[in-house]
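Enquirer: Sharing a structure, written as structure tokens. Questions coming.
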Amino acid sequence: MDIKCLVVGDLKENCYILKKNNEILIIDPGDEAEKIIASTTSGKVVGLLVTHHHFDHIGALQTLEKYYNLKANQYNGQTFSYQIINTPGHTKDSLSFYFPKQKIMFVGDFLFLNSIGRTDLGGDNEKMKKSLKLISEYPDEITIYPGHGPKTTLKDEKENFNQYYTWL
């Protein structure tokens, strides 16, 4: 699977373009619909995934839903195999998308390199703690693709979880 990160919008949100077998999934179309569309001409867009509904993650969603005639989080194809994990904390509707074969996870603003998502914008500290405990059960070698900034590994982030618990 090929993974391309487009940094879009004023808040520099990571929009991910996943391509496999000439099919494309778009994760978190935050802004700049034209830029996203231009990045998908080499395949057929078969799904739009959204980790949460903050404006910087869905700014281009409505345009792309109309353009591709798709609805967010309703992928029914065979090419991409992933699990949807409820990871509330940053927001009540936070989701993470885990692709077990590739050992990759798209987490939106739930986790970042050496940090976690804020809970004061519609989130919940206790739910964040539960989500961190849930995600800590997953394999260390998973590469984490956050909603902003560089990727990291679950192993590296697990080392910070005890510190995060004290923040919350």
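Residues are referred to by chain and number: the chain letter is A, B, ... according to the order shown in the structure tokens, the number counts from 1 in that chain, and ligands are numbered separately from 1 in the order shown.
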With a distance cut-off of 9 Å and only C-alpha atoms, select the neighbouring residues of Ser131 (chain A), excluding the residue or stretch itself and same-chain residues fewer than 2 positions from it, and output the selection as a PyMOL selection string.

Expert: chain A and resi 86-89+110+126-129+133-136

Enquirer: Based on the backbone DSSP call, show me all residues of chain A assigned helix (DSSP H, G or I), as an MDAnalysis selection string.

Expert: chainID A and resid 33:38 55:58 61:68 125:135 154:158 161:167

Enquirer: With only C-alpha atoms as the atoms that count, which of A:Asp156, A:Leu113, A:Asp10, A:Leu25 lies nearest to Lys71 (chain A)?

Expert: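 Answer, going by the shortest atom-to-atom distance: A:Leu25.
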
Enquirer: As a list in words, please: the residues near region 26-39 of chain A (cut-off 6 Å, only C-alpha atoms, same-chain neighbours under 6 positions excluded).

Expert: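 Surrounding residues, per the criterion: Val8, Gly9, Cys15, Tyr16, Ile17, Leu48, Leu49, Val50, Asp56, His57, Ile58, Gly59, Ala60 and Leu61 of chain A.
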
Enquirer: Taking the backbone alone, and naming residues the way the document does, which bits of region 6-122 of chain A are strand (DSSP E) by DSSP, as a PyMOL selection string?

Expert: chain A and resi 6-8+13-20+23-27+44-49+83-86+95-99+104-108+111-112+115-116

Enquirer: Could you write those residues out with N, CA and C atoms, as a compact mmCIF listing (two decimals), in the first residue's frame?

Expert:
# COMPACT_ATOMS: atom_id res chain seq x y z
N LEU A 6 -0.78 14.64 2.55
CA LEU A 6 -0.95 16.01 2.09
C LEU A 6 -1.20 16.88 3.31
N VAL A 7 -0.41 17.90 3.49
CA VAL A 7 -0.64 18.83 4.59
C VAL A 7 -1.52 19.94 4.05
N VAL A 8 -2.70 20.10 4.66
CA VAL A 8 -3.70 21.02 4.13
C VAL A 8 -4.22 21.98 5.20
N GLU A 13 -3.17 20.31 8.72
CA GLU A 13 -3.72 18.99 9.03
C GLU A 13 -3.21 17.98 8.02
N ASN A 14 -2.95 16.76 8.49
CA ASN A 14 -2.50 15.68 7.63
C ASN A 14 -3.70 14.97 7.00
N CYS A 15 -3.81 15.09 5.69
CA CYS A 15 -4.79 14.33 4.92
C CYS A 15 -4.01 13.20 4.26
N TYR A 16 -4.45 11.97 4.46
CA TYR A 16 -3.73 10.82 3.94
C TYR A 16 -4.44 10.25 2.72
N ILE A 17 -3.64 9.94 1.70
CA ILE A 17 -4.12 9.30 0.48
C ILE A 17 -3.50 7.90 0.45
N LEU A 18 -4.32 6.87 0.57
CA LEU A 18 -3.84 5.49 0.55
C LEU A 18 -4.20 4.89 -0.80
N LYS A 19 -3.23 4.26 -1.44
CA LYS A 19 -3.48 3.65 -2.74
C LYS A 19 -3.03 2.20 -2.74
N LYS A 20 -3.91 1.34 -3.22
CA LYS A 20 -3.61 -0.08 -3.33
C LYS A 20 -4.44 -0.64 -4.48
N GLU A 23 -6.90 1.51 -6.30
CA GLU A 23 -8.00 2.09 -5.54
C GLU A 23 -7.43 2.99 -4.45
N ILE A 24 -8.21 4.00 -4.09
CA ILE A 24 -7.73 5.04 -3.17
C ILE A 24 -8.71 5.24 -2.03
N LEU A 25 -8.16 5.35 -0.82
CA LEU A 25 -8.91 5.81 0.36
C LEU A 25 -8.35 7.17 0.75
N ILE A 26 -9.22 8.08 1.11
CA ILE A 26 -8.81 9.39 1.61
C ILE A 26 -9.16 9.43 3.09
N ILE A 27 -8.18 9.79 3.92
CA ILE A 27 -8.41 9.88 5.36
C ILE A 27 -8.25 11.33 5.80
N LYS A 44 -8.95 5.10 -8.54
CA LYS A 44 -10.37 5.33 -8.25
C LYS A 44 -10.55 5.50 -6.75
N VAL A 45 -11.12 6.61 -6.34
CA VAL A 45 -11.41 6.85 -4.92
C VAL A 45 -12.61 6.01 -4.53
N VAL A 46 -12.40 5.12 -3.55
CA VAL A 46 -13.45 4.18 -3.13
C VAL A 46 -13.93 4.42 -1.70
N GLY A 47 -13.29 5.38 -0.99
CA GLY A 47 -13.72 5.63 0.37
C GLY A 47 -13.15 6.89 0.95
N LEU A 48 -13.92 7.47 1.88
CA LEU A 48 -13.53 8.65 2.64
C LEU A 48 -13.65 8.30 4.11
N LEU A 49 -12.54 8.36 4.84
CA LEU A 49 -12.56 8.05 6.26
C LEU A 49 -12.29 9.32 7.06
N GLN A 83 -9.63 -2.11 10.75
CA GLN A 83 -10.54 -2.14 11.89
C GLN A 83 -10.82 -0.71 12.32
N ILE A 84 -12.04 -0.47 12.75
CA ILE A 84 -12.39 0.84 13.30
C ILE A 84 -12.36 0.70 14.82
N ILE A 85 -11.56 1.55 15.45
CA ILE A 85 -11.42 1.51 16.91
C ILE A 85 -11.98 2.82 17.47
N ASN A 86 -12.93 2.72 18.37
CA ASN A 86 -13.45 3.92 19.04
C ASN A 86 -12.40 4.38 20.05
N LEU A 95 -12.25 8.32 16.19
CA LEU A 95 -12.03 6.97 15.70
C LEU A 95 -10.58 6.83 15.26
N SER A 96 -10.06 5.62 15.38
CA SER A 96 -8.76 5.29 14.81
C SER A 96 -8.99 4.15 13.82
N PHE A 97 -8.24 4.17 12.73
CA PHE A 97 -8.35 3.16 11.69
C PHE A 97 -7.06 2.35 11.66
N TYR A 98 -7.19 1.06 11.99
CA TYR A 98 -6.03 0.17 12.10
C TYR A 98 -6.02 -0.82 10.94
N PHE A 99 -4.91 -0.84 10.21
CA PHE A 99 -4.70 -1.74 9.09
C PHE A 99 -3.72 -2.81 9.56
N ILE A 104 -0.27 -0.38 10.49
CA ILE A 104 -0.37 1.07 10.49
C ILE A 104 -1.71 1.48 11.09
N MET A 105 -1.72 2.66 11.71
CA MET A 105 -2.93 3.16 12.34
C MET A 105 -3.02 4.67 12.13
N PHE A 106 -4.20 5.11 11.70
CA PHE A 106 -4.48 6.53 11.49
C PHE A 106 -5.34 6.98 12.67
N VAL A 107 -4.84 7.93 13.44
CA VAL A 107 -5.43 8.23 14.75
C VAL A 107 -6.01 9.63 14.88
N GLY A 108 -5.98 10.44 13.83
CA GLY A 108 -6.48 11.80 13.94
C GLY A 108 -5.73 12.56 15.02
N LEU A 111 -3.56 10.72 19.16
CA LEU A 111 -2.14 10.63 19.52
C LEU A 111 -1.30 11.43 18.55
N PHE A 112 -0.20 11.96 19.06
CA PHE A 112 0.79 12.65 18.24
C PHE A 112 2.17 12.14 18.65
N SER A 115 2.89 13.22 22.34
CA SER A 115 1.78 13.98 22.92
C SER A 115 0.46 13.28 22.62
N ILE A 116 -0.59 13.82 23.22
CA ILE A 116 -1.96 13.36 22.96
C ILE A 116 -2.82 14.56 22.60

Enquirer: So, counting only C-alpha atoms, which residue among A:Gly122, A:Pro139, A:Gly43, A:Pro150 is closest to Pro100 (chain A)?

Expert: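 Closest residue, counting only C-alpha atoms: A:Pro139.
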
Enquirer: In Å, rounded to a single decimal, give me how far CA of His52 (chain A) is from CA of Leu168 (chain A).

Expert: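 CA of His52 (chain A) lies at a distance of 20.1 Å from CA of Leu168 (chain A).
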
Enquirer: Please measure the separation of CA of Ile3 (chain A) and CA of Thr51 (chain A), giving the value in Å to one decimal.

Expert: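 So the two atoms, CA of Ile3 (chain A) and CA of Thr51 (chain A), lie 16.6 Å apart.
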
Enquirer: Neighbouring residues of His90 (chain A) were defined as those with any atom within 8 Å, considering only C-alpha atoms; residues of the same chain fewer than 6 positions away were excluded. Please report them as an NGL selection string.

Expert: :A and (109-110 or 117-124 or 128)

Enquirer: Output N, CA and C atoms for every residue in the selection just made, as a CSV table (one decimal), in the first residue's frame.

Expert:
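What ended up in part39.csv:
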chain,number,residue,atom,x,y,z
A,109,ASP,N,-6.5,13.2,15.9
A,109,ASP,CA,-5.8,14.0,17.0
A,109,ASP,C,-5.8,13.2,18.3
A,110,PHE,N,-6.0,11.9,18.3
A,110,PHE,CA,-5.9,11.1,19.5
A,110,PHE,C,-4.5,11.0,20.0
A,117,GLY,N,-4.0,14.3,22.1
A,117,GLY,CA,-4.9,15.3,21.7
A,117,GLY,C,-5.5,16.1,22.9
A,118,ARG,N,-5.8,17.3,22.7
A,118,ARG,CA,-6.4,18.1,23.8
A,118,ARG,C,-7.8,17.6,24.1
A,119,THR,N,-8.2,17.7,25.3
A,119,THR,CA,-9.6,17.2,25.7
A,119,THR,C,-10.5,18.3,26.0
A,120,ASP,N,-10.1,19.6,25.8
A,120,ASP,CA,-10.9,20.7,26.2
A,120,ASP,C,-11.7,21.3,25.1
A,121,LEU,N,-11.7,20.6,23.9
A,121,LEU,CA,-12.5,21.1,22.8
A,121,LEU,C,-13.6,20.1,22.4
A,122,GLY,N,-14.3,19.6,23.5
A,122,GLY,CA,-15.4,18.6,23.3
A,122,GLY,C,-15.0,17.2,23.6
A,123,GLY,N,-13.9,17.1,24.3
A,123,GLY,CA,-13.4,15.8,24.7
A,123,GLY,C,-13.7,15.4,26.2
A,124,ASP,N,-13.0,14.4,26.7
A,124,ASP,CA,-13.2,13.9,28.0
A,124,ASP,C,-11.9,13.3,28.5
A,128,MET,N,-10.3,9.6,27.5
A,128,MET,CA,-8.9,9.6,26.9
A,128,MET,C,-8.1,8.6,27.6

Enquirer: Expressed in Å to a single decimal, how great is the separation between CA of Thr153 (chain A) and CA of Gln78 (chain A)?

Expert: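 Rounded to one decimal, the two atoms are 26.6 Å apart.
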
Enquirer: Counting only C-alpha atoms, which of A:Asp2, A:Gly77, A:Leu70, A:Thr143 gets nearest to Ser42 (chain A)?

Expert: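 The closest residue to Ser42 (chain A) is A:Asp2.
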